[in-house]
Amino acid sequence: MQIAVPVFEKITALDAVGPYEVLQRLPDSEVVFVGHREGNVRTDNGFLGLAADAVFEDIPSPDVVVFPGGIGTRPMMQDERVLGWLRTAHQSTLYTTSVCTGSLILGAAGLLHGLAAATHWGAYDLLRATGAKPVLDRVVEHLDERLLTAAGVSSGIDMALRLAELLVDADAARAMQLMIEYDPQPPFDAGSVAKAGPEVMARAAEYARHRA
C-alpha cells in the first residue's frame with residue numbers, strides 16, 4: 001500500500017511526521033514523501049528540513065494521500081501542478097486525507113465543495129472560500145467520498161489512527177497507538193478555541209504573527 005505525503009516549503013513538520021509515525025508501521029505499507037522536486041524543503045519556521053524522495057509525477061496513483069498543512073499551503077492553492085496531481089490521484093485513492101491547512105489544497109482542488117471539513121482554526125475563512133464548510137470537529141470523515149480531514153497539527157495523529165482502522169481494522173489502529181505510546185495527558189487544557197480563553201488566544205495570535 002503506497003501512501004503519498006506531499007512536502008513543500010513552509011510545511012508544518014508534525015502535520016506530516018505525526019501521521020507518518022502511525023502509518024509507516026502498518027503491514028505492507030510504503031510512505032513516500034513527494035514534492036515539486038526531489039530534495040530538502042524547509043519547515044514553516046525554517047529550522048527543520050524534510051526531504052522529498054519523489055516528484056508528484058512519479059507517484060500518480062497512490063493508495064492514500066495525506067496532505068499536510070503549514071503556511072506554505074497558501075501559494076499552492078493556485079498551483080495547478082499540485083491541484084491537478086491531487087485531482088487525478090483522488091480518482092483511484094482508497095482515501096484522500098489532510099491535516100491542518102492541508103484541507104485548503106483539497107478544497108482548492110474541488111474535493112470538498114459543499115462538505116463539512118476540518119482545518120486549523122486560523123484558516124476557517126480560507127477554507128470556506130473554497131466551498132467547504134469549516135467545522136470545529138477534530139476529524140471529519142466522508143467515507144462515501146473517501147475523504148478525511150483533520151484540524152490543526154496534533155489532530156493528524158488522531159486522523160491517522162482512524163485511517164489505520166479503515167485500512168486494516170480497529171486492533172491494527174490500537175496497536176499503532178500503543179507502538180507510538182499515544183496516550184495524551186497534557187498539563188494544560190487549552191487545545192481548542194473553545195477552551196483557550198481570550199488571553200491565550202491573544203498570545204497565540206501574537207506568536208503566529210512572528211512566524212508569518
# chains A, B, ... in the order shown; residues from 1 in each chain; ligands from 1
>>> residues_around(residues="A:Leu148", least_positions_apart="2", cutoff="9 Å", atoms="only C-alpha atoms", output="ChimeraX atom specification")
/A:95-99,117-118,139-143,145-146,150,159,163
>>> residues_around(residues="A:Pro19", least_positions_apart="3", cutoff="9 Å", atoms="only C-alpha atoms", output="ChimeraX atom specification")
/A:14-16,22-24,66,99,156-161
>>> write_last_selection(atoms="N, CA and C atoms", output="mmCIF file, in the first residue's frame")
data_model
loop_
_atom_site.group_PDB
_atom_site.id
_atom_site.type_symbol
_atom_site.label_atom_id
_atom_site.label_comp_id
_atom_site.auth_asym_id
_atom_site.auth_seq_id
_atom_site.Cartn_x
_atom_site.Cartn_y
_atom_site.Cartn_z
ATOM 1 N N LEU A 14 4.947 18.465 12.070
ATOM 2 C CA LEU A 14 4.160 17.408 12.693
ATOM 3 C C LEU A 14 2.954 17.012 11.849
ATOM 4 N N ASP A 15 2.474 17.909 10.992
ATOM 5 C CA ASP A 15 1.370 17.564 10.098
ATOM 6 C C ASP A 15 1.727 16.361 9.235
ATOM 7 N N ALA A 16 2.996 16.265 8.843
ATOM 8 C CA ALA A 16 3.461 15.142 8.035
ATOM 9 C C ALA A 16 4.001 14.014 8.899
ATOM 10 N N VAL A 22 2.432 6.867 12.519
ATOM 11 C CA VAL A 22 1.376 5.855 12.616
ATOM 12 C C VAL A 22 1.390 4.947 11.394
ATOM 13 N N LEU A 23 1.303 5.535 10.218
ATOM 14 C CA LEU A 23 1.013 4.770 9.007
ATOM 15 C C LEU A 23 2.193 3.946 8.519
ATOM 16 N N GLN A 24 3.430 4.384 8.791
ATOM 17 C CA GLN A 24 4.582 3.616 8.322
ATOM 18 C C GLN A 24 4.723 2.292 9.052
ATOM 19 N N VAL A 66 -1.967 11.835 2.149
ATOM 20 C CA VAL A 66 -2.057 12.602 3.396
ATOM 21 C C VAL A 66 -1.433 13.960 3.116
ATOM 22 N N VAL A 99 -4.309 17.225 6.863
ATOM 23 C CA VAL A 99 -4.067 17.649 8.234
ATOM 24 C C VAL A 99 -3.927 19.163 8.240
ATOM 25 N N GLY A 156 -3.636 15.325 13.377
ATOM 26 C CA GLY A 156 -3.224 14.412 12.324
ATOM 27 C C GLY A 156 -2.947 13.010 12.835
ATOM 28 N N ILE A 157 -2.506 12.899 14.086
ATOM 29 C CA ILE A 157 -2.293 11.579 14.676
ATOM 30 C C ILE A 157 -3.633 10.877 14.876
ATOM 31 N N ASP A 158 -4.623 11.616 15.369
ATOM 32 C CA ASP A 158 -5.964 11.043 15.529
ATOM 33 C C ASP A 158 -6.502 10.554 14.182
ATOM 34 N N MET A 159 -6.343 11.392 13.170
ATOM 35 C CA MET A 159 -6.830 11.035 11.840
ATOM 36 C C MET A 159 -6.126 9.790 11.328
ATOM 37 N N ALA A 160 -4.817 9.714 11.536
ATOM 38 C CA ALA A 160 -4.057 8.568 11.040
ATOM 39 C C ALA A 160 -4.472 7.277 11.743
ATOM 40 N N LEU A 161 -4.803 7.365 13.016
ATOM 41 C CA LEU A 161 -5.284 6.172 13.718
ATOM 42 C C LEU A 161 -6.634 5.714 13.171
#
>>> closest_atom_pairs(of="stretch 133-208 of chain A", to="stretch 25-49 of chain A", cutoff="12 Å", atoms="only C-alpha atoms", output="tab-separated table")
residue	atom	partner	partner_atom	distance
A:Ala160	CA	A:Leu26	CA	10.8
A:Leu161	CA	A:Leu26	CA	10.5
A:Leu163	CA	A:Leu26	CA	10.6
A:Ala164	CA	A:Leu26	CA	7.4
A:Glu165	CA	A:Leu26	CA	10.3
A:Leu166	CA	A:Leu26	CA	11.8
A:Leu167	CA	A:Leu26	CA	9.1
A:Val168	CA	A:Leu26	CA	8.3
A:Asp169	CA	A:Leu26	CA	10.6
A:Asp171	CA	A:Leu26	CA	11.4
A:Ala172	CA	A:Leu26	CA	7.6
A:Ala173	CA	A:Leu26	CA	8.8
A:Arg174	CA	A:Leu26	CA	11.3
A:Ala175	CA	A:Arg25	CA	9.3
A:Met176	CA	A:Arg25	CA	6.8
A:Gln177	CA	A:Arg25	CA	10.3
A:Leu178	CA	A:Arg25	CA	11.3
A:Met179	CA	A:Arg25	CA	8.6
A:Ile180	CA	A:Arg25	CA	9.6
A:Tyr207	CA	A:Asn45	CA	11.7
A:Ala208	CA	A:Asn45	CA	10.7
>>> write_last_selection(atoms="N, CA and C atoms", output="short mmCIF file (atom, residue, chain, number, x, y, z; two decimals), in the first residue's frame")
data_model
loop_
_atom_site.label_atom_id
_atom_site.label_comp_id
_atom_site.auth_asym_id
_atom_site.auth_seq_id
_atom_site.Cartn_x
_atom_site.Cartn_y
_atom_site.Cartn_z
N ALA A 160 -4.82 9.71 11.54
CA ALA A 160 -4.06 8.57 11.04
C ALA A 160 -4.47 7.28 11.74
N LEU A 161 -4.80 7.37 13.02
CA LEU A 161 -5.28 6.17 13.72
C LEU A 161 -6.63 5.71 13.17
N LEU A 163 -7.60 6.28 10.15
CA LEU A 163 -7.27 5.76 8.82
C LEU A 163 -6.72 4.35 8.91
N ALA A 164 -5.89 4.08 9.92
CA ALA A 164 -5.38 2.73 10.12
C ALA A 164 -6.52 1.74 10.36
N GLU A 165 -7.53 2.18 11.11
CA GLU A 165 -8.70 1.32 11.32
C GLU A 165 -9.42 1.04 10.01
N LEU A 166 -9.61 2.08 9.20
CA LEU A 166 -10.31 1.91 7.93
C LEU A 166 -9.52 1.02 6.97
N LEU A 167 -8.21 1.15 6.99
CA LEU A 167 -7.38 0.40 6.04
C LEU A 167 -7.17 -1.04 6.48
N VAL A 168 -7.14 -1.29 7.79
CA VAL A 168 -6.89 -2.65 8.30
C VAL A 168 -8.03 -3.05 9.23
N ASP A 169 -7.94 -2.67 10.49
CA ASP A 169 -9.02 -2.92 11.42
C ASP A 169 -8.73 -2.17 12.72
N ASP A 171 -8.05 -3.23 15.74
CA ASP A 171 -6.90 -3.70 16.51
C ASP A 171 -5.59 -3.22 15.91
N ALA A 172 -5.54 -3.11 14.60
CA ALA A 172 -4.34 -2.54 13.98
C ALA A 172 -4.14 -1.10 14.44
N ALA A 173 -5.22 -0.33 14.48
CA ALA A 173 -5.13 1.05 14.93
C ALA A 173 -4.70 1.12 16.39
N ARG A 174 -5.26 0.24 17.21
CA ARG A 174 -4.87 0.22 18.62
C ARG A 174 -3.40 -0.16 18.77
N ALA A 175 -2.95 -1.08 17.95
CA ALA A 175 -1.53 -1.48 18.01
C ALA A 175 -0.64 -0.32 17.61
N MET A 176 -1.04 0.44 16.59
CA MET A 176 -0.26 1.61 16.19
C MET A 176 -0.23 2.63 17.33
N GLN A 177 -1.36 2.82 17.99
CA GLN A 177 -1.43 3.76 19.11
C GLN A 177 -0.48 3.33 20.23
N LEU A 178 -0.46 2.04 20.51
CA LEU A 178 0.41 1.53 21.56
C LEU A 178 1.88 1.66 21.15
N MET A 179 2.18 1.37 19.91
CA MET A 179 3.58 1.41 19.46
C MET A 179 4.16 2.82 19.56
N ILE A 180 3.34 3.84 19.33
CA ILE A 180 3.85 5.20 19.47
C ILE A 180 3.56 5.76 20.87
N TYR A 207 2.13 35.15 18.65
CA TYR A 207 3.17 34.23 18.21
C TYR A 207 3.01 33.89 16.72
N ALA A 208 1.78 33.77 16.26
CA ALA A 208 1.55 33.48 14.85
C ALA A 208 2.06 34.61 13.96
#
>>> select_by_dssp(residues="stretch 39-196 of chain A", states="alpha helix (DSSP H)", output="PyMOL selection string")
chain A and resi 73-76+80-90+102-108+124-129+155-167+170-179+193-196
>>> decode(residues="stretch 17-92 of chain A", atoms="C-alpha atoms", output="PDB file, in the first residue's frame")
ATOM      1  CA  VAL A  17       5.516  13.368  10.675  1.00  0.00           C
ATOM      2  CA  GLY A  18       2.623  12.604  13.057  1.00  0.00           C
ATOM      3  CA  PRO A  19       0.634  10.575  10.504  1.00  0.00           C
ATOM      4  CA  TYR A  20       3.877   9.101   9.177  1.00  0.00           C
ATOM      5  CA  GLU A  21       4.727   7.647  12.600  1.00  0.00           C
ATOM      6  CA  VAL A  22       1.376   5.855  12.616  1.00  0.00           C
ATOM      7  CA  LEU A  23       1.013   4.770   9.007  1.00  0.00           C
ATOM      8  CA  GLN A  24       4.582   3.616   8.322  1.00  0.00           C
ATOM      9  CA  ARG A  25       4.026   0.881  10.920  1.00  0.00           C
ATOM     10  CA  LEU A  26       1.116  -0.706   9.044  1.00  0.00           C
ATOM     11  CA  PRO A  27       1.960  -4.037   7.393  1.00  0.00           C
ATOM     12  CA  ASP A  28       2.893  -3.841   3.722  1.00  0.00           C
ATOM     13  CA  SER A  29       2.815  -0.045   3.692  1.00  0.00           C
ATOM     14  CA  GLU A  30       5.198   2.308   1.932  1.00  0.00           C
ATOM     15  CA  VAL A  31       5.220   6.009   2.775  1.00  0.00           C
ATOM     16  CA  VAL A  32       6.591   8.214   0.007  1.00  0.00           C
ATOM     17  CA  PHE A  33       7.326  11.888   0.527  1.00  0.00           C
ATOM     18  CA  VAL A  34       6.592  13.736  -2.717  1.00  0.00           C
ATOM     19  CA  GLY A  35       7.170  17.310  -3.810  1.00  0.00           C
ATOM     20  CA  HIS A  36       7.817  19.750  -6.615  1.00  0.00           C
ATOM     21  CA  ARG A  37      11.402  18.481  -6.756  1.00  0.00           C
ATOM     22  CA  GLU A  38      13.477  15.871  -5.002  1.00  0.00           C
ATOM     23  CA  GLY A  39      15.481  17.055  -2.019  1.00  0.00           C
ATOM     24  CA  ASN A  40      15.011  19.103   1.096  1.00  0.00           C
ATOM     25  CA  VAL A  41      12.344  21.658   1.876  1.00  0.00           C
ATOM     26  CA  ARG A  42      12.318  23.828   4.993  1.00  0.00           C
ATOM     27  CA  THR A  43       9.529  23.797   7.539  1.00  0.00           C
ATOM     28  CA  ASP A  44       7.443  26.842   8.379  1.00  0.00           C
ATOM     29  CA  ASN A  45       9.970  28.364  10.768  1.00  0.00           C
ATOM     30  CA  GLY A  46      12.957  27.362   8.618  1.00  0.00           C
ATOM     31  CA  PHE A  47      14.657  25.379  11.364  1.00  0.00           C
ATOM     32  CA  LEU A  48      13.966  21.862  10.105  1.00  0.00           C
ATOM     33  CA  GLY A  49      14.400  20.218   6.722  1.00  0.00           C
ATOM     34  CA  LEU A  50      12.259  17.419   5.301  1.00  0.00           C
ATOM     35  CA  ALA A  51      13.194  15.531   2.138  1.00  0.00           C
ATOM     36  CA  ALA A  52      11.047  14.716  -0.871  1.00  0.00           C
ATOM     37  CA  ASP A  53      12.156  11.415  -2.399  1.00  0.00           C
ATOM     38  CA  ALA A  54       9.963  11.717  -5.494  1.00  0.00           C
ATOM     39  CA  VAL A  55       8.212  14.371  -7.547  1.00  0.00           C
ATOM     40  CA  PHE A  56       4.449  14.427  -7.935  1.00  0.00           C
ATOM     41  CA  GLU A  57       4.556  12.925 -11.417  1.00  0.00           C
ATOM     42  CA  ASP A  58       6.468   9.892 -10.105  1.00  0.00           C
ATOM     43  CA  ILE A  59       3.528   8.903  -7.866  1.00  0.00           C
ATOM     44  CA  PRO A  60       0.403   9.332  -9.999  1.00  0.00           C
ATOM     45  CA  SER A  61      -1.831   6.745  -8.285  1.00  0.00           C
ATOM     46  CA  PRO A  62      -1.087   6.356  -4.578  1.00  0.00           C
ATOM     47  CA  ASP A  63      -3.435   4.305  -2.463  1.00  0.00           C
ATOM     48  CA  VAL A  64      -3.608   7.052   0.169  1.00  0.00           C
ATOM     49  CA  VAL A  65      -2.807  10.765   0.154  1.00  0.00           C
ATOM     50  CA  VAL A  66      -2.057  12.602   3.396  1.00  0.00           C
ATOM     51  CA  PHE A  67      -1.760  16.311   2.615  1.00  0.00           C
ATOM     52  CA  PRO A  68      -0.096  18.239   5.453  1.00  0.00           C
ATOM     53  CA  GLY A  69      -0.562  21.910   6.238  1.00  0.00           C
ATOM     54  CA  GLY A  70       1.561  24.917   7.027  1.00  0.00           C
ATOM     55  CA  ILE A  71       1.784  28.482   5.785  1.00  0.00           C
ATOM     56  CA  GLY A  72       3.213  27.058   2.549  1.00  0.00           C
ATOM     57  CA  THR A  73      -0.222  25.778   1.540  1.00  0.00           C
ATOM     58  CA  ARG A  74      -1.385  29.293   0.642  1.00  0.00           C
ATOM     59  CA  PRO A  75       0.508  29.663  -2.663  1.00  0.00           C
ATOM     60  CA  MET A  76      -0.292  26.066  -3.575  1.00  0.00           C
ATOM     61  CA  MET A  77      -3.985  26.893  -3.637  1.00  0.00           C
ATOM     62  CA  GLN A  78      -3.272  28.298  -7.112  1.00  0.00           C
ATOM     63  CA  ASP A  79      -0.639  25.731  -8.109  1.00  0.00           C
ATOM     64  CA  GLU A  80      -2.182  23.736 -10.935  1.00  0.00           C
ATOM     65  CA  ARG A  81       0.629  21.212 -10.904  1.00  0.00           C
ATOM     66  CA  VAL A  82      -0.286  20.243  -7.341  1.00  0.00           C
ATOM     67  CA  LEU A  83      -4.049  20.581  -7.775  1.00  0.00           C
ATOM     68  CA  GLY A  84      -4.038  18.539 -10.968  1.00  0.00           C
ATOM     69  CA  TRP A  85      -1.966  15.811  -9.341  1.00  0.00           C
ATOM     70  CA  LEU A  86      -4.352  15.687  -6.392  1.00  0.00           C
ATOM     71  CA  ARG A  87      -7.478  15.532  -8.550  1.00  0.00           C
ATOM     72  CA  THR A  88      -6.007  12.694 -10.617  1.00  0.00           C
ATOM     73  CA  ALA A  89      -4.726  10.801  -7.593  1.00  0.00           C
ATOM     74  CA  HIS A  90      -8.071  11.071  -5.827  1.00  0.00           C
ATOM     75  CA  GLN A  91      -9.814   9.261  -8.670  1.00  0.00           C
ATOM     76  CA  SER A  92      -8.198   5.999  -7.537  1.00  0.00           C
TER      77      SER A  92
END
